[in-house]
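Worksheet for the structure shown next.
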Amino acid sequence: MPHSPLPPPAEDPLALNTKAYDWCVRAFRAVEGYLGLGVTLHDPEHDTGAGDGGTGVLGRGHIFLFNHFARFETIIPPYLIYSRTGAFCRTIADTALFGPPGSSFGAFLRGVGAVPNALPGLLPFLAAEILRGRKVVIFPEGGMVKDRRVVDDGGDFMVYSRTARERRKHHRGAAVLALMLDVFKERLRELDTDGDTARLERWRAALGFSSTGALLAEAHTPTLVVPGNITFYPLRIEDHPLPRLIERFADTLPQQFSEELLVESNILFRDTDMDIRLGAPLPVQADWNWWERLLLRRAFEDTASLHDLFDLNRKASAWFDRLLARRLDAASDAVREACTYGIYRQVTVNIGHLTAQAILDRIEDGETGVDRAVLGRQVYLALKGLQTVPEVHLHRTLAEPDRYRGLLRGVNPDFNRVLSTAVSAGLLAEDGPFLRFLPKLLDTHDFDRVRLENPLLVAANEITPMPEVLAHVAASRRDALSPPGTALAALRFDDEVRAWQRARLAFSGPDHTAVNAAETATRDPAPYLLIPENHNGLGVVLVHGFLASPAELRDLGDRLAARGHPVIGVRLPGHGTSPWDLRERGWPEWLDAVRRADDILAAHCPQRVAVGFATGGALALAYAAEAPPGLAGVVAASVPMTYRNKALIFAPLMHGISRLAEWVPAWEDKAPFRENTSEHPDINYRHVPLRGLHEVADLMSEVRRRLPLVRCPALILQGDQDPVVDPAGAVTLMRRLGSHRRRLETIPSTRHGILNENTAGCHDLVAQYIASFLHLKD
């Protein structure tokens with residue numbers, strides 16, 4: 001780590017020390033990887049490059065406003081702004097932090113952009129800094145809001161002030177700064193229109209601009225205030241060794257500092273997400289009427305400095321001055337309200353918020369507890385509703401179906417962590433699957449202790465300014481007790497689509513480009529759910545093969561749906577996205593996808609038939625061996641019991657070579673994949689991940705073990721001259737099946753993809769076989 005730089009020059013105590021600034025950035029980068037804190041910046045313009053230089057809102061904004069929950073978060077926004085835009089920041093900090101006059105630490109803080117909040121002429125100083133191209137970071141709450149309660153009982157934005165021991169509005173300094181800076185810019189534009197070059201030159205010299213043209217360029221730039229919100233997840237209260245370590249070097253820690261240290265050490269050193277979400281920039285342009293413009297113009301005539309400008313509302317001696325001062329106060333109040341609203345609309349909603357609100361709603365209605373599964377289902381339904389509300393920002397774990405699916409059973413790692421934290425805090429008690437609410441949930445806690453004593457309340461307070469979230473939590477409570485039906489099935493199918501979309505995005509980065517660009521698949525790889533009107537009640541689960549996608553059996557699916565069968569096209573994880581994605585997946589995930597698809601279809605029809613091709617056929621058989629309720633039969637085509645392709649025979653060996661290659665970076669770019677010559681390049685991957693071949697081999701071992709357990713009727717289809725799998729394997733498969741109602745149909749074909757190509761009328765053969773179960777129903 002670099003040596004600490006010298007403080008700024010003594011002659012200008014507020015001068016930025018660029019060396020110190022750079023040192024701090026390098027120091028933060030050096031320790032960032034050792035912290036358990038994962039910082040993610042969400043900039044609404046960054047991805048599209050809409051901002052200047054592609055830096056988005058971060059580049060275009062001038063004044064950045066954030067909520068305040070932890071001490072260390074004050075240093076991270078300036079670090080991110082400087083890292084991404086190269087712009088220096090001024091950050092307003094408590095005067096007490098700078099120490100006594102002459103303090104070297106205080107000098108260091110000033111050198112890296114911190115400005116005492118009690119600095120005389122603070123706002124005009126900041127206005128001049130913004131005009132010179134610097135940015136300003138302000139925490140308008142005025143201190144850490146430890147209870148996260150920002151809305152009072154009347155619905156107004158208020159925060160608790162520990163020093164005043166009362167609730168108050170945000171400090172108005174940021175709003176006044178933005179408003180008066182906009183007023184100043186407008187006056188400069190008027191001077192230019194009037195041709196008053198003398199006054200423009202005086203302003204140029206006073207502000208240190210190289211030319212009046214440069215000054216006017218700034219005057220034509222709208223002053224943009226960017227509201228932002230910093231959300232931490234998860235919020236832990238477990239004991240951490242850092243406070244105890246510090247106590248060994250100090251007699252005692254003040255209670256307030258001890259609490260802060262415990263909470264913040266859990267944030268910093270335990271895997272915690274710090275989501276910094278920026279809102280849309282707010283252009284500060286007051287709607288002045290004609291007489292107000294006259295008053296402003298008159299007042300500006302007597303203004304010789306920015307200090308004079310910011311004192312307009314204090315020099316109210318004449319009636320018109322007082323009138324103007326009241327109008328400026330009203331305008332700055334409006335700016336403050338808009339900024340406050342903007343800050344709290346940017347909360348990143350997580351599972352802790354939804355769980356806490358669901359529990360507190362129930363307590364308010366007099367409930368004494370809730371079944372864990374019911375609560376999990378409520379949280380699931382709430383998040384699914386919120387996924388359709390673009391104004392609400394969800395934590396990434398609520399956008400990843402693989403992460404939240406277990407909520408429907410009340411079993412989910414994130415959900416469990418929220419509940420275990422509440423149990424540790426003495427808020428809940430577990431009586432088997434029942435969660436009992438304890439009296440402490442209703443207790444009033446000291447402002448400095450509430451984060452430790454009632455983390456559920458803190459989490460619920462954070463989403464109080466978001467009525468959409470509260471409404472969806474309340475609505476999901478009613479629906480959580482309803483029996484699962486087609487509406488729930490639609491939500492679960494939506495999860496399948498979202499999982500596909502998320503995986504495509506996750507494996508579309510620069511590291512994946514070379515392989516992805518060489519892929520040839522063009523058919524729609526999305527999962528599909530086809531529910532005919534007045535359907536016949538017998539559903540079909542279609543399972544595609546290795547390297548393919550749901551598109552492989554889509555033509556068959558359309559034909560079956562036309563005959564009145566509800567149909568779902570399973571997407572096996574890793575397929576229809578990128579070979580890199582498939583490289584990370586295993587056969588148990590594929591089998592889980594088949595289970596989920598059958599569960600979804602079960603909401604529409606009591607009986608289903610599973611139809612799979614190749615690896616999909618093996619999965620259909622493995623699933624049938626579990627004897628799921630309502631599975632009437634299974635159809636398996638071209639199942640790879642044994643291969644003709646020697647490259648596939650040696651797949652396990654090649655997988656071992658690939659694993660060795662992970663230790664040699666020079667090999668890793670080439671070893672993980674082999675090129676595939678496919679019969680259907682518009683559907684299949686061109687690159688075969690060797691790990692995937694190993695998974696297929698493992699799956700087939702499991703299928704062989706399970707075949708005697710398949711007791712439902714089974715139709716086996718096999719091409720007689722299949723170039724990929726040995727047709728003799730179909731006979732072996734038939735012999736091992738436990739079903740007494742099994743049938744083998746040999747299809748004359750020199751191709752592997754008989755089901756995709758409808759070889760020798762395979763589609764009709766399958767459709768007739770499935771239709772036979774309708775007669776059994778009757």
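Order determines the names: the first chain of the structure tokens is A, the second B, and so forth; residues in each chain are numbered 1 upward, and ligands are numbered 1 upward as they are shown.
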
If you run DSSP over the backbone, which residues in region 85-273 of chain A end up strand (DSSP E)? Put them as a PyMOL selection string.
chain A and resi 89-93+114-116+135-138+159-161+166-168+224-233+272-273

For the residues in that selection, give me C-alpha atoms as a PDB file, in the first residue's frame.
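Written output follows (again_35.pdb):
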```pdb
ATOM      1  CA  CYS A  89     -15.782  15.499  -5.104  1.00  0.00           C
ATOM      2  CA  ARG A  90     -16.570  17.667  -2.161  1.00  0.00           C
ATOM      3  CA  THR A  91     -18.284  15.758   0.643  1.00  0.00           C
ATOM      4  CA  ILE A  92     -20.001  17.527   3.524  1.00  0.00           C
ATOM      5  CA  ALA A  93     -18.961  16.079   6.887  1.00  0.00           C
ATOM      6  CA  ALA A 114     -14.253  16.706   2.904  1.00  0.00           C
ATOM      7  CA  VAL A 115     -15.741  20.046   3.935  1.00  0.00           C
ATOM      8  CA  PRO A 116     -16.946  20.866   7.490  1.00  0.00           C
ATOM      9  CA  LYS A 135     -19.112  17.319  -7.803  1.00  0.00           C
ATOM     10  CA  VAL A 136     -20.721  17.541  -4.398  1.00  0.00           C
ATOM     11  CA  VAL A 137     -21.884  14.627  -2.233  1.00  0.00           C
ATOM     12  CA  ILE A 138     -24.370  15.446   0.534  1.00  0.00           C
ATOM     13  CA  VAL A 159     -36.063  11.734  10.244  1.00  0.00           C
ATOM     14  CA  TYR A 160     -35.098  11.551  13.879  1.00  0.00           C
ATOM     15  CA  SER A 161     -32.439  13.958  15.093  1.00  0.00           C
ATOM     16  CA  GLU A 166     -37.230  15.200  17.696  1.00  0.00           C
ATOM     17  CA  ARG A 167     -38.261  14.355  14.176  1.00  0.00           C
ATOM     18  CA  ARG A 168     -37.513  16.899  11.473  1.00  0.00           C
ATOM     19  CA  LEU A 224     -28.622  18.270 -12.032  1.00  0.00           C
ATOM     20  CA  VAL A 225     -29.336  16.831  -8.617  1.00  0.00           C
ATOM     21  CA  VAL A 226     -29.021  13.055  -8.449  1.00  0.00           C
ATOM     22  CA  PRO A 227     -30.920  11.302  -5.637  1.00  0.00           C
ATOM     23  CA  GLY A 228     -29.342   8.044  -4.554  1.00  0.00           C
ATOM     24  CA  ASN A 229     -29.985   5.315  -2.055  1.00  0.00           C
ATOM     25  CA  ILE A 230     -27.549   2.993  -0.302  1.00  0.00           C
ATOM     26  CA  THR A 231     -29.084  -0.320   0.738  1.00  0.00           C
ATOM     27  CA  PHE A 232     -27.271  -3.014   2.706  1.00  0.00           C
ATOM     28  CA  TYR A 233     -28.258  -6.675   2.551  1.00  0.00           C
ATOM     29  CA  THR A 272     -22.785  -8.085   2.416  1.00  0.00           C
ATOM     30  CA  ASP A 273     -24.175  -6.370  -0.659  1.00  0.00           C
TER      31      ASP A 273
END
```

With a cut-off of 6 Å, could you pull out the residues of region 572-653 of chain A touching region 532-545 of chain A and give me the nearest pair of atoms for each, distance in Å to one decimal, using only C-alpha atoms, ordered by chain and ascending number, as CSV?
```
residue,atom,partner,partner_atom,distance
A:Cys605,CA,A:Gly537,CA,4.6
A:Gln607,CA,A:Leu538,CA,5.2
A:Arg608,CA,A:Gly539,CA,4.3
A:Val609,CA,A:Val540,CA,4.9
A:Ala610,CA,A:Val541,CA,4.6
A:Val611,CA,A:Leu542,CA,4.9
A:Gly612,CA,A:Val543,CA,4.4
A:Phe613,CA,A:Gly545,CA,5.4
A:Ala614,CA,A:Gly545,CA,5.2
A:Thr615,CA,A:Gly545,CA,4.7
A:Gly616,CA,A:Gly545,CA,4.6
```

Keeping only C-alpha atoms, take the residues you just selected and write them out as a PDB file, in the first residue's frame.
```pdb
ATOM      1  CA  CYS A 605     -54.474 -31.124 -15.981  1.00  0.00           C
ATOM      2  CA  GLN A 607     -52.712 -36.436 -15.840  1.00  0.00           C
ATOM      3  CA  ARG A 608     -49.561 -35.909 -17.908  1.00  0.00           C
ATOM      4  CA  VAL A 609     -47.253 -37.839 -20.184  1.00  0.00           C
ATOM      5  CA  ALA A 610     -43.516 -37.087 -20.273  1.00  0.00           C
ATOM      6  CA  VAL A 611     -41.967 -37.169 -23.758  1.00  0.00           C
ATOM      7  CA  GLY A 612     -38.212 -36.828 -24.162  1.00  0.00           C
ATOM      8  CA  PHE A 613     -35.629 -37.071 -26.887  1.00  0.00           C
ATOM      9  CA  ALA A 614     -32.119 -38.508 -26.376  1.00  0.00           C
ATOM     10  CA  THR A 615     -30.828 -37.106 -23.055  1.00  0.00           C
ATOM     11  CA  GLY A 616     -34.333 -35.689 -22.605  1.00  0.00           C
TER      12      GLY A 616
END
```

Give me, as a Markdown table, each residue of region 131-216 of chain A that comes within 10 Å of region 426-449 of chain A, together with its shortest interatomic pair and the distance in Å at one decimal, counting only C-alpha atoms, with rows ordered by chain and rising residue number.
```
| residue | atom | partner | partner_atom | distance |
| --- | --- | --- | --- | --- |
| A:Met144 | CA | A:Asp448 | CA | 9.7 |
| A:Val145 | CA | A:Phe447 | CA | 8.6 |
| A:Lys146 | CA | A:Phe447 | CA | 6.6 |
| A:Asp147 | CA | A:Phe447 | CA | 6.4 |
| A:Arg148 | CA | A:Phe447 | CA | 9.9 |
| A:Tyr160 | CA | A:Phe447 | CA | 8.5 |
| A:Ser161 | CA | A:Phe447 | CA | 9.7 |
| A:Arg162 | CA | A:Phe447 | CA | 7.9 |
| A:Arg165 | CA | A:Phe447 | CA | 10.0 |
```

Contact residues around region 620-627 of chain A with only C-alpha atoms at 10 Å, ignoring same-chain residues under 4 positions, as a PyMOL selection string
chain A and resi 541-544+591-592+594-595+598+609-616+631-636+639+699-700+702-714+737-739

Enter the distance from CA of Tyr344 (chain A) to CA of Phe66 (chain A), in Å, rounded to one decimal.
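Result for CA of Tyr344 (chain A) versus CA of Phe66 (chain A): 9.1 Å, one decimal.
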
Quick one: distance from CA of Phe28 (chain A) to CA of Val349 (chain A) in Å, one decimal?
27.1 Å
